[in-house]
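Structure data follow from final_32.pdb (PDB, C-alpha atoms, pLDDT in the B column):
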MODEL        1
ATOM      1  CA  MET F  16       0.000   0.000   0.000  1.00 76.00           C
ATOM      2  CA  VAL F  17       2.854   2.368   0.801  1.00 84.00           C
ATOM      3  CA  GLN F  18       4.429   1.538  -2.554  1.00 82.00           C
ATOM      4  CA  ILE F  19       1.246   2.493  -4.428  1.00 84.00           C
ATOM      5  CA  PHE F  20       1.082   5.790  -2.526  1.00 88.00           C
ATOM      6  CA  PHE F  21       4.744   6.479  -3.332  1.00 89.00           C
ATOM      7  CA  ASN F  22       4.215   5.615  -7.017  1.00 87.00           C
ATOM      8  CA  THR F  23       1.197   7.939  -7.170  1.00 90.00           C
ATOM      9  CA  VAL F  24       3.063  10.876  -5.640  1.00 92.00           C
ATOM     10  CA  VAL F  25       6.115  10.390  -7.864  1.00 90.00           C
ATOM     11  CA  CYS F  26       3.955  10.086 -10.975  1.00 91.00           C
ATOM     12  CA  ALA F  27       1.992  13.224 -10.037  1.00 92.00           C
ATOM     13  CA  LEU F  28       5.142  15.242  -9.406  1.00 94.00           C
ATOM     14  CA  LEU F  29       6.755  14.097 -12.643  1.00 93.00           C
ATOM     15  CA  ALA F  30       3.581  14.832 -14.632  1.00 93.00           C
ATOM     16  CA  ALA F  31       3.399  18.321 -13.109  1.00 93.00           C
ATOM     17  CA  PHE F  32       7.011  18.907 -14.091  1.00 94.00           C
ATOM     18  CA  VAL F  33       6.386  17.730 -17.658  1.00 92.00           C
ATOM     19  CA  LEU F  34       3.294  19.908 -18.052  1.00 92.00           C
ATOM     20  CA  LEU F  35       4.988  22.972 -16.583  1.00 92.00           C
ATOM     21  CA  PHE F  36       7.962  22.424 -18.894  1.00 94.00           C
ATOM     22  CA  ILE F  37       5.724  22.072 -21.946  1.00 92.00           C
ATOM     23  CA  LYS F  38       3.929  25.290 -21.001  1.00 91.00           C
ATOM     24  CA  LYS F  39       7.197  27.108 -20.287  1.00 92.00           C
ATOM     25  CA  ILE F  40       8.758  26.393 -23.677  1.00 93.00           C
ATOM     26  CA  GLY F  41       5.517  27.280 -25.479  1.00 88.00           C
ATOM     27  CA  LEU F  42       4.810  23.862 -26.916  1.00 87.00           C
ATOM     28  CA  LEU F  43       1.314  23.700 -25.447  1.00 83.00           C
ATOM     29  CA  GLU F  44       0.291  26.994 -27.054  1.00 86.00           C
ATOM     30  CA  PHE F  45       1.803  25.823 -30.338  1.00 87.00           C
ATOM     31  CA  TRP F  46      -0.327  22.657 -30.229  1.00 85.00           C
ATOM     32  CA  GLN F  47      -3.424  24.647 -29.289  1.00 82.00           C
ATOM     33  CA  THR F  48      -3.073  26.987 -32.265  1.00 85.00           C
ATOM     34  CA  ARG F  49      -2.314  24.218 -34.768  1.00 84.00           C
ATOM     35  CA  VAL F  50      -5.030  21.745 -33.834  1.00 81.00           C
ATOM     36  CA  LYS F  51      -7.992  21.485 -36.207  1.00 81.00           C
ATOM     37  CA  SER F  52     -10.401  19.473 -34.053  1.00 81.00           C
ATOM     38  CA  ASP F  53     -12.638  21.254 -31.547  1.00 81.00           C
ATOM     39  CA  LEU F  54     -12.541  18.266 -29.189  1.00 82.00           C
ATOM     40  CA  LEU F  55      -8.748  18.128 -29.203  1.00 82.00           C
ATOM     41  CA  TYR F  56      -8.591  21.884 -28.561  1.00 81.00           C
ATOM     42  CA  LYS F  57     -10.853  21.482 -25.525  1.00 83.00           C
ATOM     43  CA  LEU F  58      -8.667  18.645 -24.228  1.00 82.00           C
ATOM     44  CA  LEU F  59      -5.507  20.731 -24.652  1.00 81.00           C
ATOM     45  CA  THR F  60      -6.969  23.667 -22.735  1.00 82.00           C
ATOM     46  CA  CYS F  61      -8.255  21.591 -19.790  1.00 85.00           C
ATOM     47  CA  ASP F  62      -5.706  21.199 -16.967  1.00 85.00           C
ATOM     48  CA  PHE F  63      -7.470  18.151 -15.553  1.00 88.00           C
ATOM     49  CA  CYS F  64      -7.501  16.410 -18.952  1.00 87.00           C
ATOM     50  CA  LEU F  65      -3.837  17.164 -19.525  1.00 88.00           C
ATOM     51  CA  SER F  66      -3.005  15.939 -16.027  1.00 90.00           C
ATOM     52  CA  PHE F  67      -4.929  12.713 -16.488  1.00 91.00           C
ATOM     53  CA  TRP F  68      -3.497  11.831 -19.889  1.00 90.00           C
ATOM     54  CA  THR F  69       0.039  12.741 -18.860  1.00 91.00           C
ATOM     55  CA  ASN F  70      -0.335  10.490 -15.830  1.00 92.00           C
ATOM     56  CA  VAL F  71      -1.727   7.689 -17.996  1.00 92.00           C
ATOM     57  CA  PHE F  72       1.285   7.933 -20.308  1.00 92.00           C
ATOM     58  CA  LEU F  73       3.761   8.010 -17.416  1.00 91.00           C
ATOM     59  CA  SER F  74       2.012   5.138 -15.638  1.00 91.00           C
ATOM     60  CA  VAL F  75       2.162   2.959 -18.725  1.00 91.00           C
ATOM     61  CA  VAL F  76       5.862   3.716 -19.145  1.00 91.00           C
ATOM     62  CA  PHE F  77       6.589   3.083 -15.453  1.00 88.00           C
ATOM     63  CA  GLY F  78       4.487  -0.093 -15.499  1.00 88.00           C
ATOM     64  CA  LEU F  79       6.327  -1.476 -18.499  1.00 89.00           C
ATOM     65  CA  VAL F  80       9.739  -0.626 -17.084  1.00 89.00           C
ATOM     66  CA  ALA F  81       9.010  -1.912 -13.567  1.00 84.00           C
ATOM     67  CA  LYS F  82       6.797  -4.767 -14.805  1.00 86.00           C
ATOM     68  CA  GLU F  83       4.181  -4.066 -12.140  1.00 83.00           C
ATOM     69  CA  VAL F  84       0.422  -3.977 -12.520  1.00 81.00           C
ATOM     70  CA  ALA F  85       0.063  -1.588  -9.549  1.00 78.00           C
ATOM     71  CA  PHE F  86       0.685   1.361 -11.865  1.00 81.00           C
ATOM     72  CA  VAL F  87      -2.710   0.848 -13.504  1.00 83.00           C
ATOM     73  CA  LEU F  88      -4.546   2.735 -10.740  1.00 83.00           C
ATOM     74  CA  THR F  89      -1.990   5.516 -10.467  1.00 88.00           C
ATOM     75  CA  PRO F  90      -3.498   7.975 -13.017  1.00 88.00           C
ATOM     76  CA  PHE F  91      -6.837   8.117 -11.212  1.00 89.00           C
ATOM     77  CA  ALA F  92      -5.245   9.241  -7.950  1.00 88.00           C
ATOM     78  CA  ALA F  93      -2.398  11.276  -9.449  1.00 90.00           C
ATOM     79  CA  ALA F  94      -4.464  13.459 -11.800  1.00 88.00           C
ATOM     80  CA  PRO F  95      -6.102  15.584  -9.069  1.00 89.00           C
ATOM     81  CA  ILE F  96      -2.742  15.987  -7.333  1.00 90.00           C
ATOM     82  CA  THR F  97      -1.127  17.112 -10.569  1.00 90.00           C
ATOM     83  CA  ARG F  98      -3.962  19.529 -11.259  1.00 87.00           C
ATOM     84  CA  LYS F  99      -3.541  21.130  -7.829  1.00 88.00           C
ATOM     85  CA  LEU F 100       0.205  21.445  -8.409  1.00 87.00           C
ATOM     86  CA  LEU F 101      -0.361  23.297 -11.666  1.00 83.00           C
TER      87      LEU F 101
ENDMDL
END

Conversion result in structure tokens:
Amino acid sequence: MVQIFFNTVVCALLAAFVLLFIKKIGLLEFWQTRVKSDLLYKLLTCDFCLSFWTNVFLSVVFGLVAKEVAFVLTPFAAAPITRKLL
């Protein structure tokens, strides 16, 4: 249980760093201006959506590297933490 909590916190912190970095270098605004789909534009402007999908990506990568199934639940708990950090 402690390991899942630790994985969630680390994933949330890393996702917040990635999102802040993407915003800092202007890549997020570049994607928002270039996207043609209204749905994709809404997803790129929503902090919660970005937090969730970034955590999903990081959890899949961590799960494949560590070969643990416990990372499957991480995005659901880490997304609100990441959103608060942003």

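Those DNA, RNA and protein residues that approach the point (5.7, 21.1, -17.2) to within 12 Å, considering only C-alpha atoms, are Ala27, Leu28, Leu29, Ala30, Ala31, Phe32, Val33, Leu34, Leu35, Phe36, Ile37, Lys38, Lys39, Ile40, Gly41, Leu42, Leu43, Asp62, Leu65, Ser66, Thr69, Thr97, Arg98, Leu100 and Leu101 of chain F.
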
Limited to C-alpha atoms, could you put the picked residues into a file as a PDB file, in the frame of the given file?
ATOM      1  CA  ALA F  27       1.992  13.224 -10.037  1.00 92.00           C
ATOM      2  CA  LEU F  28       5.142  15.242  -9.406  1.00 94.00           C
ATOM      3  CA  LEU F  29       6.755  14.097 -12.643  1.00 93.00           C
ATOM      4  CA  ALA F  30       3.581  14.832 -14.632  1.00 93.00           C
ATOM      5  CA  ALA F  31       3.399  18.321 -13.109  1.00 93.00           C
ATOM      6  CA  PHE F  32       7.011  18.907 -14.091  1.00 94.00           C
ATOM      7  CA  VAL F  33       6.386  17.730 -17.658  1.00 92.00           C
ATOM      8  CA  LEU F  34       3.294  19.908 -18.052  1.00 92.00           C
ATOM      9  CA  LEU F  35       4.988  22.972 -16.583  1.00 92.00           C
ATOM     10  CA  PHE F  36       7.962  22.424 -18.894  1.00 94.00           C
ATOM     11  CA  ILE F  37       5.724  22.072 -21.946  1.00 92.00           C
ATOM     12  CA  LYS F  38       3.929  25.290 -21.001  1.00 91.00           C
ATOM     13  CA  LYS F  39       7.197  27.108 -20.287  1.00 92.00           C
ATOM     14  CA  ILE F  40       8.758  26.393 -23.677  1.00 93.00           C
ATOM     15  CA  GLY F  41       5.517  27.280 -25.479  1.00 88.00           C
ATOM     16  CA  LEU F  42       4.810  23.862 -26.916  1.00 87.00           C
ATOM     17  CA  LEU F  43       1.314  23.700 -25.447  1.00 83.00           C
ATOM     18  CA  ASP F  62      -5.706  21.199 -16.967  1.00 85.00           C
ATOM     19  CA  LEU F  65      -3.837  17.164 -19.525  1.00 88.00           C
ATOM     20  CA  SER F  66      -3.005  15.939 -16.027  1.00 90.00           C
ATOM     21  CA  THR F  69       0.039  12.741 -18.860  1.00 91.00           C
ATOM     22  CA  THR F  97      -1.127  17.112 -10.569  1.00 90.00           C
ATOM     23  CA  ARG F  98      -3.962  19.529 -11.259  1.00 87.00           C
ATOM     24  CA  LEU F 100       0.205  21.445  -8.409  1.00 87.00           C
ATOM     25  CA  LEU F 101      -0.361  23.297 -11.666  1.00 83.00           C
TER      26      LEU F 101
END

- Would you work out the distance separating atom CA of Val75 of chain F from atom CA of Met16 of chain F, expressed in Å to one decimal?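 Going from atom CA of Val75 of chain F over to atom CA of Met16 of chain F, I get 19.1 Å.
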
- Task: Report the distance between atom CA of Phe91 of chain F and atom CA of Trp68 of chain F in Å, rounded to one decimal place.
- Result: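 Separating atom CA of Phe91 of chain F from atom CA of Trp68 of chain F is a distance of 10.0 Å.
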
- Message: Translate the PyMOL selection byres ((chain F and resi 26) around 10) into a concrete residue list for this structure, as a PyMOL selection string.
- Response: chain F and resi 20-25+27-32+69-74+77+86+89-90+92-94+96-97
